[in-house]
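> Dropping in query_39.cif, which is mmCIF, C-alpha atoms:
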data_entry
#
loop_
_atom_site.label_atom_id
_atom_site.label_comp_id
_atom_site.auth_asym_id
_atom_site.auth_seq_id
_atom_site.Cartn_x
_atom_site.Cartn_y
_atom_site.Cartn_z
CA MET A 25 45.91 69.34 74.06
CA ALA A 26 45.85 66.89 71.20
CA SER A 27 49.13 66.18 69.54
CA SER A 28 49.54 65.09 65.97
CA LYS A 29 51.98 62.44 67.12
CA PHE A 30 49.18 60.10 68.13
CA PRO A 31 45.95 59.25 66.39
CA LEU A 32 43.50 59.82 69.21
CA ALA A 33 41.04 57.08 68.33
CA PRO A 34 41.82 53.51 67.42
CA PRO A 35 41.10 52.61 63.79
CA GLU A 36 37.88 50.93 62.80
CA HIS A 37 37.63 47.21 63.32
CA SER A 38 39.20 45.43 60.41
CA ARG A 39 36.55 42.72 60.71
CA PRO A 40 33.52 42.29 62.92
CA HIS A 41 33.87 40.42 66.17
CA ALA A 42 33.00 36.79 66.33
CA PRO A 43 29.55 36.39 67.89
CA MET A 44 29.09 36.91 71.61
CA GLY A 45 32.64 37.88 72.38
CA GLU A 46 34.16 34.63 71.22
CA GLY A 47 37.82 34.87 70.31
CA CYS A 48 38.76 36.14 66.88
CA PHE A 49 41.16 33.25 66.39
CA LEU A 50 38.79 30.32 66.45
CA GLY A 51 39.96 26.76 65.99
CA GLU A 52 38.87 24.66 63.01
CA THR A 53 36.21 22.80 65.01
CA GLU A 54 34.61 26.00 66.30
CA ARG A 55 34.58 27.59 62.86
CA GLN A 56 32.64 24.69 61.37
CA GLN A 57 29.92 24.76 64.02
CA PRO A 58 26.54 26.22 63.04
CA LEU A 59 25.96 29.78 64.22
CA ALA A 60 23.18 28.97 66.66
CA LEU A 61 25.29 26.36 68.41
CA LYS A 62 28.24 28.74 68.47
CA GLU A 63 26.14 31.42 70.12
CA ALA A 64 24.67 29.05 72.66
CA LEU A 65 28.11 27.73 73.58
CA ALA A 66 29.47 31.27 73.83
CA LYS A 67 26.67 32.24 76.21
CA ILE A 68 27.45 29.32 78.49
CA LYS A 69 31.18 30.03 78.38
CA ASN A 70 30.63 33.71 79.10
CA TRP A 71 28.46 32.88 82.10
CA PHE A 72 31.26 30.74 83.51
CA ARG A 73 33.86 33.38 82.75
CA ALA A 74 31.91 36.14 84.44
CA ASN A 75 31.69 34.11 87.62
CA SER A 76 35.33 33.25 87.86
CA LEU A 77 37.33 36.47 87.73
CA TRP A 78 40.91 36.07 88.88
CA VAL A 79 42.42 39.44 89.62
CA MET A 80 46.11 39.97 89.35
CA ALA A 81 47.50 41.21 92.66
CA TYR A 82 49.23 44.24 91.23
CA GLY A 83 48.90 47.89 92.09
CA THR A 84 50.43 50.93 90.43
CA GLY A 85 49.17 53.98 92.25
CA CYS A 86 47.23 55.07 95.29
CA GLY A 87 44.19 53.09 94.06
CA SER A 88 45.70 49.84 95.13
CA ILE A 89 45.05 50.93 98.70
CA GLU A 90 41.34 50.69 97.92
CA LEU A 91 41.79 47.20 96.51
CA ARG A 92 43.02 45.75 99.80
CA PRO A 93 39.68 46.03 101.67
CA LEU A 94 38.01 44.08 98.87
CA THR A 95 39.95 40.96 99.75
CA THR A 96 39.17 41.15 103.46
CA ALA A 97 36.07 40.33 105.46
CA ARG A 98 34.22 43.62 105.23
CA PHE A 99 33.78 43.87 101.47
CA ASP A 100 34.82 40.30 100.63
CA MET A 101 35.04 39.96 96.87
CA GLU A 102 35.28 36.19 97.11
CA ARG A 103 31.51 36.01 97.47
CA PHE A 104 31.40 37.05 93.79
CA GLY A 105 33.87 34.35 92.83
CA MET A 106 36.76 36.80 92.55
CA ALA A 107 40.17 36.24 94.06
CA MET A 108 43.66 37.67 93.84
CA ARG A 109 46.32 35.71 92.00
CA PRO A 110 50.03 36.36 92.34
CA THR A 111 51.16 36.00 88.72
CA PRO A 112 49.84 37.09 85.32
CA ARG A 113 49.78 33.49 84.08
CA GLN A 114 47.08 32.67 86.64
CA SER A 115 44.87 35.72 86.33
CA ASN A 116 42.47 37.15 83.80
CA VAL A 117 41.65 40.59 85.19
CA LEU A 118 44.28 43.32 85.28
CA ILE A 119 43.43 46.37 87.37
CA ILE A 120 45.40 49.52 86.67
CA SER A 121 44.82 51.19 89.97
CA GLY A 122 45.61 54.84 89.51
CA TYR A 123 48.46 56.77 87.94
CA LEU A 124 50.75 54.77 85.71
CA SER A 125 54.32 55.85 85.13
CA VAL A 126 56.11 55.11 81.90
CA LYS A 127 58.41 52.70 83.69
CA SER A 128 55.42 50.80 85.09
CA LEU A 129 53.67 50.82 81.72
CA LYS A 130 56.42 48.64 80.32
CA ARG A 131 55.80 46.08 83.07
CA VAL A 132 52.05 46.35 82.59
CA ILE A 133 52.36 45.55 78.89
CA ARG A 134 54.52 42.57 79.71
CA ALA A 135 52.10 41.32 82.35
CA TYR A 136 49.02 41.90 80.18
CA GLU A 137 50.42 39.96 77.24
CA GLN A 138 51.37 37.06 79.49
CA MET A 139 47.84 36.69 80.82
CA PRO A 140 45.82 33.93 79.17
CA SER A 141 42.81 34.98 77.10
CA PRO A 142 40.06 35.85 77.68
CA LYS A 143 41.32 38.74 79.80
CA TRP A 144 39.97 42.09 80.86
CA VAL A 145 41.49 45.39 81.93
CA VAL A 146 39.85 47.68 84.46
CA GLY A 147 41.04 51.28 84.66
CA LEU A 148 40.61 52.53 88.19
CA GLY A 149 40.46 56.20 89.06
CA SER A 150 40.69 59.44 87.12
CA CYS A 151 44.37 59.03 86.33
CA THR A 152 43.75 56.20 83.90
CA ILE A 153 40.97 58.16 82.18
CA ASN A 154 42.53 61.56 81.56
CA GLY A 155 45.55 61.87 83.81
CA GLY A 156 43.66 63.00 86.91
CA MET A 157 45.59 65.26 89.21
CA TYR A 158 48.82 64.15 87.51
CA TRP A 159 47.68 65.38 84.09
CA ASP A 160 50.75 67.61 83.60
CA SER A 161 53.33 65.17 84.93
CA TYR A 162 56.26 64.29 82.70
CA ASN A 163 56.24 60.72 83.92
CA THR A 164 52.64 59.50 84.07
CA ILE A 165 50.48 58.60 81.11
CA ASN A 166 47.22 60.46 80.52
CA ARG A 167 45.22 57.86 78.62
CA LEU A 168 45.47 54.18 79.40
CA ASP A 169 43.45 53.05 76.39
CA LEU A 170 46.18 54.12 73.99
CA TYR A 171 48.42 51.34 75.26
CA VAL A 172 46.23 48.50 76.52
CA PRO A 173 42.53 47.92 75.75
CA VAL A 174 40.35 48.98 78.68
CA ASP A 175 37.04 47.20 79.17
CA LEU A 176 35.78 49.26 82.09
CA TYR A 177 36.67 52.53 83.76
CA ILE A 178 35.76 53.22 87.36
CA ALA A 179 35.91 56.98 87.86
CA GLY A 180 36.86 58.67 91.10
CA CYS A 181 39.88 59.91 92.97
CA MET A 182 39.99 57.41 94.51
CA PRO A 183 36.86 55.28 94.09
CA ARG A 184 35.72 53.64 97.32
CA PRO A 185 35.56 49.84 97.59
CA GLU A 186 31.79 50.06 97.13
CA ALA A 187 32.35 51.71 93.75
CA LEU A 188 34.82 48.99 92.84
CA LEU A 189 32.31 46.26 93.67
CA GLU A 190 29.68 48.08 91.62
CA GLY A 191 32.17 48.30 88.76
CA PHE A 192 32.97 44.62 88.90
CA GLY A 193 29.25 43.90 88.80
CA VAL A 194 29.05 45.90 85.57
CA LEU A 195 32.08 44.07 84.21
CA MET A 196 30.41 40.73 84.92
CA GLU A 197 27.27 41.84 83.11
CA LYS A 198 29.36 42.98 80.16
CA ILE A 199 31.17 39.65 80.03
CA LYS A 200 27.91 37.73 80.19
CA ALA A 201 26.53 39.86 77.34
CA GLY A 202 29.71 39.26 75.33
CA GLU A 203 30.56 42.96 75.22
CA ALA A 204 33.88 42.96 77.07
CA ASN A 205 36.01 42.41 74.02
CA GLY A 206 39.17 44.38 74.72
CA TRP A 207 41.39 41.35 74.36
CA ASN A 208 40.02 40.75 70.86
CA HIS A 209 40.58 44.37 69.99
CA TYR A 210 44.17 44.15 71.20
CA LEU A 211 44.84 41.21 68.89
CA GLU A 212 43.08 42.82 65.93
CA GLN A 213 44.70 46.23 66.33
CA MET A 214 48.06 44.98 67.54
CA ASP A 215 49.98 47.29 65.18
CA TRP A 216 48.20 50.39 66.46
CA TYR A 217 48.80 49.50 70.11
CA LYS A 218 52.43 48.56 69.48
CA GLU A 219 53.01 51.82 67.62
CA ASN A 220 51.67 53.85 70.56
CA GLN A 221 53.66 51.82 73.07
CA LYS A 222 56.91 52.18 71.16
CA LYS A 223 56.42 55.93 70.70
CA LEU A 224 56.30 56.37 74.47
CA ILE A 225 58.80 53.75 75.63
CA THR A 226 61.98 54.89 73.96
CA ASP A 227 64.26 52.16 75.34
CA TRP A 228 62.06 49.39 73.98
CA ASP A 229 63.71 46.05 74.79
CA LEU A 230 60.62 43.83 74.95
CA PRO A 231 59.84 41.15 72.40
CA ASP A 232 57.05 41.99 69.98
CA TYR A 233 54.69 39.84 72.00
CA ASN A 234 55.36 38.41 75.46
CA TRP A 235 54.02 34.89 75.18
CA MET B 13 74.39 71.15 119.89
CA ASP B 14 75.73 74.65 120.63
CA GLU B 15 79.18 73.28 121.21
CA ILE B 16 79.19 71.37 117.94
CA ILE B 17 78.00 74.39 115.98
CA GLN B 18 80.69 76.51 117.64
CA ARG B 19 83.31 73.97 116.59
CA ILE B 20 81.96 74.07 113.02
CA ARG B 21 82.20 77.87 113.05
CA ASP B 22 85.77 77.76 114.31
CA ASN B 23 87.11 75.00 112.12
CA PHE B 24 85.18 75.21 108.87
CA GLY B 25 83.49 78.58 108.70
CA VAL B 26 79.73 78.97 108.51
CA LEU B 27 78.23 81.17 105.81
CA ARG B 28 74.81 81.27 107.40
CA GLU B 29 73.05 79.44 110.19
CA HIS B 30 69.55 78.98 111.45
CA ARG B 31 68.26 77.42 114.64
CA GLN B 32 64.82 75.97 113.90
CA ARG B 33 64.30 74.18 117.21
CA ASP B 34 66.39 72.97 120.12
CA ASP B 35 66.91 69.69 118.30
CA LEU B 36 67.19 71.00 114.74
CA ALA B 37 69.86 73.36 113.40
CA GLU B 38 70.90 74.32 109.89
CA VAL B 39 74.31 75.49 108.70
CA TRP B 40 75.35 76.66 105.25
CA ILE B 41 78.99 76.04 104.37
CA GLU B 42 81.35 76.32 101.40
CA PRO B 43 81.57 73.42 98.92
CA ARG B 44 85.22 72.67 99.70
CA HIS B 45 84.33 71.98 103.34
CA VAL B 46 81.65 69.38 102.67
CA LEU B 47 83.71 66.23 102.80
CA PRO B 48 85.95 67.28 105.74
CA LEU B 49 82.98 68.51 107.76
CA LEU B 50 80.82 65.45 107.16
CA THR B 51 83.76 63.17 107.92
CA TRP B 52 84.41 65.02 111.18
CA LEU B 53 80.72 64.94 112.13
CA LYS B 54 80.48 61.22 111.46
CA GLU B 55 83.69 60.26 113.21
CA HIS B 56 83.80 62.64 116.17
CA THR B 57 80.25 63.69 116.98
CA PRO B 58 76.98 61.81 117.65
CA PHE B 59 75.68 62.82 114.18
CA VAL B 60 76.50 59.49 112.60
CA GLN B 61 73.52 58.90 110.35
CA LEU B 62 72.83 60.36 106.93
CA THR B 63 69.04 60.60 106.93
CA HIS B 64 68.54 62.43 103.70
CA LEU B 65 70.33 64.02 100.79
CA SER B 66 68.30 66.30 98.58
CA ALA B 67 68.78 69.04 96.03
CA VAL B 68 67.09 72.38 95.33
CA ASP B 69 67.33 74.30 92.07
CA TRP B 70 67.86 78.04 92.71
CA LEU B 71 67.44 79.00 89.08
CA GLU B 72 67.56 82.78 89.63
CA ASP B 73 70.84 82.54 91.55
CA GLY B 74 72.37 80.10 89.08
CA GLU B 75 73.02 77.63 91.87
CA PHE B 76 72.00 74.24 93.15
CA GLN B 77 71.67 73.60 96.85
CA LEU B 78 72.56 70.21 98.26
CA THR B 79 71.19 69.45 101.71
CA TYR B 80 72.64 66.73 103.90
CA LEU B 81 70.43 65.89 106.85
CA LEU B 82 72.42 64.23 109.62
CA THR B 83 70.78 62.66 112.64
CA ASP B 84 71.97 61.83 116.12
CA PRO B 85 69.90 58.70 116.76
CA VAL B 86 70.67 58.57 120.49
CA GLY B 87 70.08 62.23 121.32
CA ARG B 88 67.28 62.55 118.73
CA ARG B 89 68.73 65.70 117.20
CA SER B 90 69.16 66.68 113.57
CA LEU B 91 71.72 68.84 111.86
CA MET B 92 71.19 70.11 108.35
CA VAL B 93 74.31 70.86 106.34
CA ALA B 94 73.56 72.84 103.19
CA VAL B 95 75.90 73.82 100.39
CA ARG B 96 75.40 75.89 97.26
CA ILE B 97 77.17 74.73 94.10
CA SER B 98 77.42 76.31 90.68
CA ARG B 99 74.59 75.46 88.30
CA GLU B 100 76.85 75.38 85.23
CA GLU B 101 79.38 72.96 86.65
CA ALA B 102 76.79 70.95 88.61
CA THR B 103 79.43 68.77 90.20
CA ALA B 104 79.70 67.83 93.86
CA GLU B 105 81.86 65.58 95.95
CA SER B 106 80.44 62.14 96.60
CA VAL B 107 79.89 61.05 100.20
CA HIS B 108 79.33 57.38 99.39
CA THR B 109 82.66 56.55 101.07
CA LEU B 110 81.16 57.70 104.38
CA TRP B 111 77.67 56.24 103.97
CA ALA B 112 77.14 53.49 101.42
CA HIS B 113 73.46 54.30 101.02
CA ALA B 114 74.35 57.74 99.69
CA VAL B 115 74.89 55.99 96.34
CA THR B 116 71.13 55.77 95.84
CA TYR B 117 70.55 59.42 96.76
CA GLU B 118 73.33 60.49 94.43
CA GLN B 119 72.00 58.32 91.62
CA GLU B 120 68.55 59.87 91.97
CA ILE B 121 69.87 63.46 92.18
CA ASN B 122 72.04 62.75 89.16
CA GLU B 123 68.98 61.65 87.20
CA MET B 124 66.53 64.28 88.42
CA PHE B 125 68.81 67.35 88.57
CA GLY B 126 71.77 66.39 86.40
CA ILE B 127 74.24 66.96 89.21
CA HIS B 128 77.31 64.79 88.79
CA PHE B 129 79.04 63.07 91.70
CA PRO B 130 82.41 61.87 90.39
CA GLY B 131 83.44 58.50 91.76
CA SER B 132 79.98 57.52 92.92
CA PRO B 133 78.85 54.21 91.45
CA ARG B 134 75.66 54.05 89.33
CA GLN B 135 75.93 57.61 88.02
CA GLY B 136 74.01 57.74 84.77
CA VAL B 137 72.25 54.44 85.41
CA PRO B 138 68.46 54.94 85.04
CA PHE B 139 66.69 55.05 88.38
CA ILE B 140 63.11 55.94 87.50
CA LEU B 141 63.34 57.45 84.04
CA GLU B 142 64.16 54.75 81.53
CA GLY B 143 65.15 56.05 78.13
CA TRP B 144 64.95 59.74 79.14
CA ASP B 145 66.05 62.05 76.33
CA ASP B 146 65.34 65.54 77.69
CA ILE B 147 66.93 67.81 80.29
CA PRO B 148 66.59 66.44 83.85
CA PRO B 149 62.96 66.94 84.87
CA MET B 150 63.45 68.45 88.32
CA ARG B 151 65.43 71.37 86.94
CA ARG B 152 63.16 74.37 87.03
CA ASP B 153 63.76 75.32 83.39
CA PHE B 154 62.18 72.02 82.37
CA ASP B 155 58.70 72.70 80.98
CA THR B 156 56.60 69.80 82.18
CA VAL B 157 53.38 70.87 80.43
CA GLU B 158 55.16 71.19 77.09
CA TYR B 159 56.75 67.77 77.60
CA MET B 160 53.37 66.30 78.56
CA ASN B 161 51.80 67.70 75.39
CA ARG B 162 54.50 66.12 73.28
CA HIS B 163 54.49 62.68 74.91
CA HIS B 164 51.22 62.12 76.77
CA PRO B 165 48.20 63.13 74.69
CA SER B 166 45.13 64.13 76.68
CA ARG B 167 41.63 62.85 76.14
CA PRO B 168 39.61 65.50 74.31
CA GLY B 169 37.12 67.34 76.47
CA ARG B 170 39.19 67.74 79.56
CA GLU B 171 38.44 71.04 81.28
CA HIS B 172 40.96 72.88 83.34
CA THR B 173 39.98 75.19 86.15
CA ASP B 174 42.60 77.71 87.16
CA PRO B 175 42.68 77.39 90.96
CA ARG B 176 43.51 81.04 91.52
CA ARG B 177 40.55 82.27 89.49
CA TYR B 178 38.22 79.59 90.82
CA ILE B 179 39.05 80.30 94.45
CA GLY B 180 38.78 84.01 93.66
CA GLN B 181 35.19 83.47 92.55
CA VAL B 182 34.39 81.63 95.74
CA VAL B 183 36.08 83.70 98.43
CA GLY B 184 36.61 87.07 96.78
CA GLU B 185 39.35 88.76 94.83
CA LYS B 186 42.10 88.15 97.33
CA GLY B 187 42.11 84.48 96.52
CA TYR B 188 42.75 83.42 100.09
CA LEU B 189 40.44 81.56 102.37
CA HIS B 190 42.17 82.96 105.45
CA ASP B 191 43.83 86.28 105.90
#
Just give me the structure of the file as structure tokens.

Amino acid sequence: MASSKFPLAPPEHSRPHAPMGEGCFLGETERQQPLALKEALAKIKNWFRANSLWVMAYGTGCGSIELRPLTTARFDMERFGMAMRPTPRQSNVLIISGYLSVKSLKRVIRAYEQMPSPKWVVGLGSCTINGGMYWDSYNTINRLDLYVPVDLYIAGCMPRPEALLEGFGVLMEKIKAGEANGWNHYLEQMDWYKENQKKLITDWDLPDYNW
Amino acid sequence: MDEIIQRIRDNFGVLREHRQRDDLAEVWIEPRHVLPLLTWLKEHTPFVQLTHLSAVDWLEDGEFQLTYLLTDPVGRRSLMVAVRISREEATAESVHTLWAHAVTYEQEINEMFGIHFPGSPRQGVPFILEGWDDIPPMRRDFDTVEYMNRHHPSRPGREHTDPRRYIGQVVGEKGYLHD
């Protein structure tokens, strides 16, 4: 089961999050604002963010089949202000839809780091949680949160589009409450994530951060 | 079909043959006959298309089996040409001169089974496994669970249900739903 090669839990936060999910790298102007104003502004920003989720049109496993109906008339995710975008530069939600091979993980890391903050990762299906039915495969990862920060898991094999919509509703509530802070955690614990990524990807030829 | 198989028997020698259906036959031949037979089939018979090239690891026999599936697209018939090669040498003749798309099959078999096709381009170029540092994963002596434990840590608390025992509890000791 557990191997000594990896620490199985990320280290404690080196410093507490900025209030209400605001970025940990604040500009000079934001840092000088009084706390009450900062919180009020963050609430407004989070409300806007939650209602404009741009999903990257990317699928890794069988779960991406369940994503297609969301964009069409029957389930219609555009009524929640969500839409698919073709490139990471234009999107802020990355869905890992099912099993993730090591080769794909490299591309996922590259895409995730290119996305502008704030950004959120949704792990879809059992495979991203504990490996699912591919738990003993040599080529698929068992835990997504060792390599990229996951804000929300949607369990199932595969989850139906209704479950996905329910999950996105929860994600919106988390964003509004300022609790979806994976992108902050990734910046704070960059060393830990990079260490895990480089342990698995042996032919590492990416830059340290893909701006 | 019968006529073609008779010609193969006469000219190349068939180790074993099996007639699955009217439109699907299988012949096992010796390794040295692979290239001449496939060339003859492509040039002089309707079996002009290489539909599939796959490998099987017969670990107990110390052999690999390579299976070339040829198709007659007009007559809608298939002919399977199988050959056993030594597991130690693990070298086979490349057929990329007959069908250019065989390069991709041979690249994948080279990566997954470690079978070498001399002269085929892209041998040793990663296809799916980037930075692989173990024995080829489709060989049957590769221990996938041990590899998984070393490289892909599991989340604590995962329970595993042995299917044989679980089904045994449900349908009785035989472990089969149907007799």
> Evaluate the PyMOL selection byres ((chain A) within 12 of (chain B)) and record the selected residues as a PDB file with C-alpha atoms, keeping the file's coordinate frame, following the chain and residue labels used in the document.

ATOM      1  CA  MET A  25      45.910  69.340  74.060  1.00  0.00           C
ATOM      2  CA  ALA A  26      45.850  66.890  71.200  1.00  0.00           C
ATOM      3  CA  SER A  27      49.130  66.180  69.540  1.00  0.00           C
ATOM      4  CA  SER A  28      49.540  65.090  65.970  1.00  0.00           C
ATOM      5  CA  LYS A  29      51.980  62.440  67.120  1.00  0.00           C
ATOM      6  CA  PHE A  30      49.180  60.100  68.130  1.00  0.00           C
ATOM      7  CA  PRO A  31      45.950  59.250  66.390  1.00  0.00           C
ATOM      8  CA  LEU A  32      43.500  59.820  69.210  1.00  0.00           C
ATOM      9  CA  ALA A  33      41.040  57.080  68.330  1.00  0.00           C
ATOM     10  CA  LEU A 124      50.750  54.770  85.710  1.00  0.00           C
ATOM     11  CA  SER A 125      54.320  55.850  85.130  1.00  0.00           C
ATOM     12  CA  VAL A 126      56.110  55.110  81.900  1.00  0.00           C
ATOM     13  CA  LYS A 127      58.410  52.700  83.690  1.00  0.00           C
ATOM     14  CA  SER A 128      55.420  50.800  85.090  1.00  0.00           C
ATOM     15  CA  LEU A 129      53.670  50.820  81.720  1.00  0.00           C
ATOM     16  CA  LYS A 130      56.420  48.640  80.320  1.00  0.00           C
ATOM     17  CA  SER A 150      40.690  59.440  87.120  1.00  0.00           C
ATOM     18  CA  CYS A 151      44.370  59.030  86.330  1.00  0.00           C
ATOM     19  CA  THR A 152      43.750  56.200  83.900  1.00  0.00           C
ATOM     20  CA  ILE A 153      40.970  58.160  82.180  1.00  0.00           C
ATOM     21  CA  ASN A 154      42.530  61.560  81.560  1.00  0.00           C
ATOM     22  CA  GLY A 155      45.550  61.870  83.810  1.00  0.00           C
ATOM     23  CA  GLY A 156      43.660  63.000  86.910  1.00  0.00           C
ATOM     24  CA  MET A 157      45.590  65.260  89.210  1.00  0.00           C
ATOM     25  CA  TYR A 158      48.820  64.150  87.510  1.00  0.00           C
ATOM     26  CA  TRP A 159      47.680  65.380  84.090  1.00  0.00           C
ATOM     27  CA  ASP A 160      50.750  67.610  83.600  1.00  0.00           C
ATOM     28  CA  SER A 161      53.330  65.170  84.930  1.00  0.00           C
ATOM     29  CA  TYR A 162      56.260  64.290  82.700  1.00  0.00           C
ATOM     30  CA  ASN A 163      56.240  60.720  83.920  1.00  0.00           C
ATOM     31  CA  THR A 164      52.640  59.500  84.070  1.00  0.00           C
ATOM     32  CA  ILE A 165      50.480  58.600  81.110  1.00  0.00           C
ATOM     33  CA  ASN A 166      47.220  60.460  80.520  1.00  0.00           C
ATOM     34  CA  ARG A 167      45.220  57.860  78.620  1.00  0.00           C
ATOM     35  CA  LEU A 168      45.470  54.180  79.400  1.00  0.00           C
ATOM     36  CA  ASP A 169      43.450  53.050  76.390  1.00  0.00           C
ATOM     37  CA  LEU A 170      46.180  54.120  73.990  1.00  0.00           C
ATOM     38  CA  TYR A 171      48.420  51.340  75.260  1.00  0.00           C
ATOM     39  CA  ASN A 220      51.670  53.850  70.560  1.00  0.00           C
ATOM     40  CA  GLN A 221      53.660  51.820  73.070  1.00  0.00           C
ATOM     41  CA  LYS A 222      56.910  52.180  71.160  1.00  0.00           C
ATOM     42  CA  LYS A 223      56.420  55.930  70.700  1.00  0.00           C
ATOM     43  CA  LEU A 224      56.300  56.370  74.470  1.00  0.00           C
ATOM     44  CA  ILE A 225      58.800  53.750  75.630  1.00  0.00           C
ATOM     45  CA  THR A 226      61.980  54.890  73.960  1.00  0.00           C
ATOM     46  CA  ASP A 227      64.260  52.160  75.340  1.00  0.00           C
ATOM     47  CA  TRP A 228      62.060  49.390  73.980  1.00  0.00           C
ATOM     48  CA  ASP A 229      63.710  46.050  74.790  1.00  0.00           C
TER      49      ASP A 229
END
> Give the answer as one residue: which of B:Glu118, B:Ile16, B:Arg99, B:Leu50 has the shortest atom-to-atom distance to Leu71 (chain B), using all atoms listed in the file?
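For Leu71 (chain B), the nearest of the given residues is B:Arg99.
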> Mind telling me what the PyMOL selection byres ((chain B and resi 45-47) around 9) catches here, as JSON, numbers by chain?
{"B": [24, 25, 41, 42, 43, 44, 48, 49, 50, 51, 52, 93, 94, 95, 105, 106, 107]}
> Rounded to one decimal place, report the CA of Ala201 (chain A)-CA of Val79 (chain A) distance in Å.
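The value is 20.1 Å.
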> Name the residues, using the chain letters and numbers of the file, that sit within 10 Å of (75.3, 58.1, 104.6) when counting all atoms listed in the file, and give them as an mmCIF file with C-alpha atoms, keeping the file's coordinate frame.

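Output saved as point03.cif:
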data_model
loop_
_atom_site.group_PDB
_atom_site.id
_atom_site.type_symbol
_atom_site.label_atom_id
_atom_site.label_comp_id
_atom_site.auth_asym_id
_atom_site.auth_seq_id
_atom_site.Cartn_x
_atom_site.Cartn_y
_atom_site.Cartn_z
ATOM 1 C CA LEU B 50 80.820 65.450 107.160
ATOM 2 C CA LYS B 54 80.480 61.220 111.460
ATOM 3 C CA VAL B 60 76.500 59.490 112.600
ATOM 4 C CA GLN B 61 73.520 58.900 110.350
ATOM 5 C CA LEU B 62 72.830 60.360 106.930
ATOM 6 C CA THR B 63 69.040 60.600 106.930
ATOM 7 C CA HIS B 64 68.540 62.430 103.700
ATOM 8 C CA LEU B 65 70.330 64.020 100.790
ATOM 9 C CA TYR B 80 72.640 66.730 103.900
ATOM 10 C CA LEU B 81 70.430 65.890 106.850
ATOM 11 C CA LEU B 82 72.420 64.230 109.620
ATOM 12 C CA VAL B 107 79.890 61.050 100.200
ATOM 13 C CA HIS B 108 79.330 57.380 99.390
ATOM 14 C CA THR B 109 82.660 56.550 101.070
ATOM 15 C CA LEU B 110 81.160 57.700 104.380
ATOM 16 C CA TRP B 111 77.670 56.240 103.970
ATOM 17 C CA ALA B 112 77.140 53.490 101.420
ATOM 18 C CA HIS B 113 73.460 54.300 101.020
ATOM 19 C CA ALA B 114 74.350 57.740 99.690
ATOM 20 C CA VAL B 115 74.890 55.990 96.340
ATOM 21 C CA THR B 116 71.130 55.770 95.840
ATOM 22 C CA TYR B 117 70.550 59.420 96.760
#
> Using all atoms listed in the file, can you tell me which of B:Arg151, B:Arg28, B:His172, B:Arg88 comes closest to Ala102 (chain B)?
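Among the listed residues, B:Arg151 lies closest to Ala102 (chain B).
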> The PyMOL selection byres ((chain A and resi 190) around 12) - which residues does that actually catch in the file I just gave you? List them as a list in words.
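Applied to this file, the PyMOL selection byres ((chain A and resi 190) around 12) selects Leu94, Phe99, Met101, Phe104, Leu176, Tyr177, Ile178, Ala179, Pro183, Arg184, Pro185, Glu186, Ala187, Leu188, Leu189, Gly191, Phe192, Gly193, Val194, Leu195, Met196 and Glu197 of chain A.
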> Just give me the residues with any atom within 7 Å of (51.0, 35.2, 82.5), file coordinates, counting all atoms listed in the file, written as a list in words.
Thr111, Pro112, Arg113, Gln114, Ala135, Gln138, Met139 and Pro140 of chain A
> Could you check how far CA of Ile17 (chain B) sits from CA of Trp70 (chain B), in Å to one decimal?
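Between CA of Ile17 (chain B) and CA of Trp70 (chain B) the gap works out to 25.6 Å.
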> What does the structure give for the distance between CA of Glu29 (chain B) and CA of Glu72 (chain B), in Å to one decimal?
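Going from CA of Glu29 (chain B) over to CA of Glu72 (chain B), I get 21.5 Å.
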> Please provide as an mmCIF file with C-alpha atoms, keeping the file's coordinate frame all residues within 9 Å of Val132 (chain A), with the sequence filter that same-chain residues fewer than 5 positions apart are discarded (counting all atoms listed in the file).

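Saved the output as selection.cif:
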data_model
loop_
_atom_site.group_PDB
_atom_site.id
_atom_site.type_symbol
_atom_site.label_atom_id
_atom_site.label_comp_id
_atom_site.auth_asym_id
_atom_site.auth_seq_id
_atom_site.Cartn_x
_atom_site.Cartn_y
_atom_site.Cartn_z
ATOM 1 C CA LEU A 118 44.280 43.320 85.280
ATOM 2 C CA ILE A 120 45.400 49.520 86.670
ATOM 3 C CA GLU A 137 50.420 39.960 77.240
ATOM 4 C CA VAL A 172 46.230 48.500 76.520
#
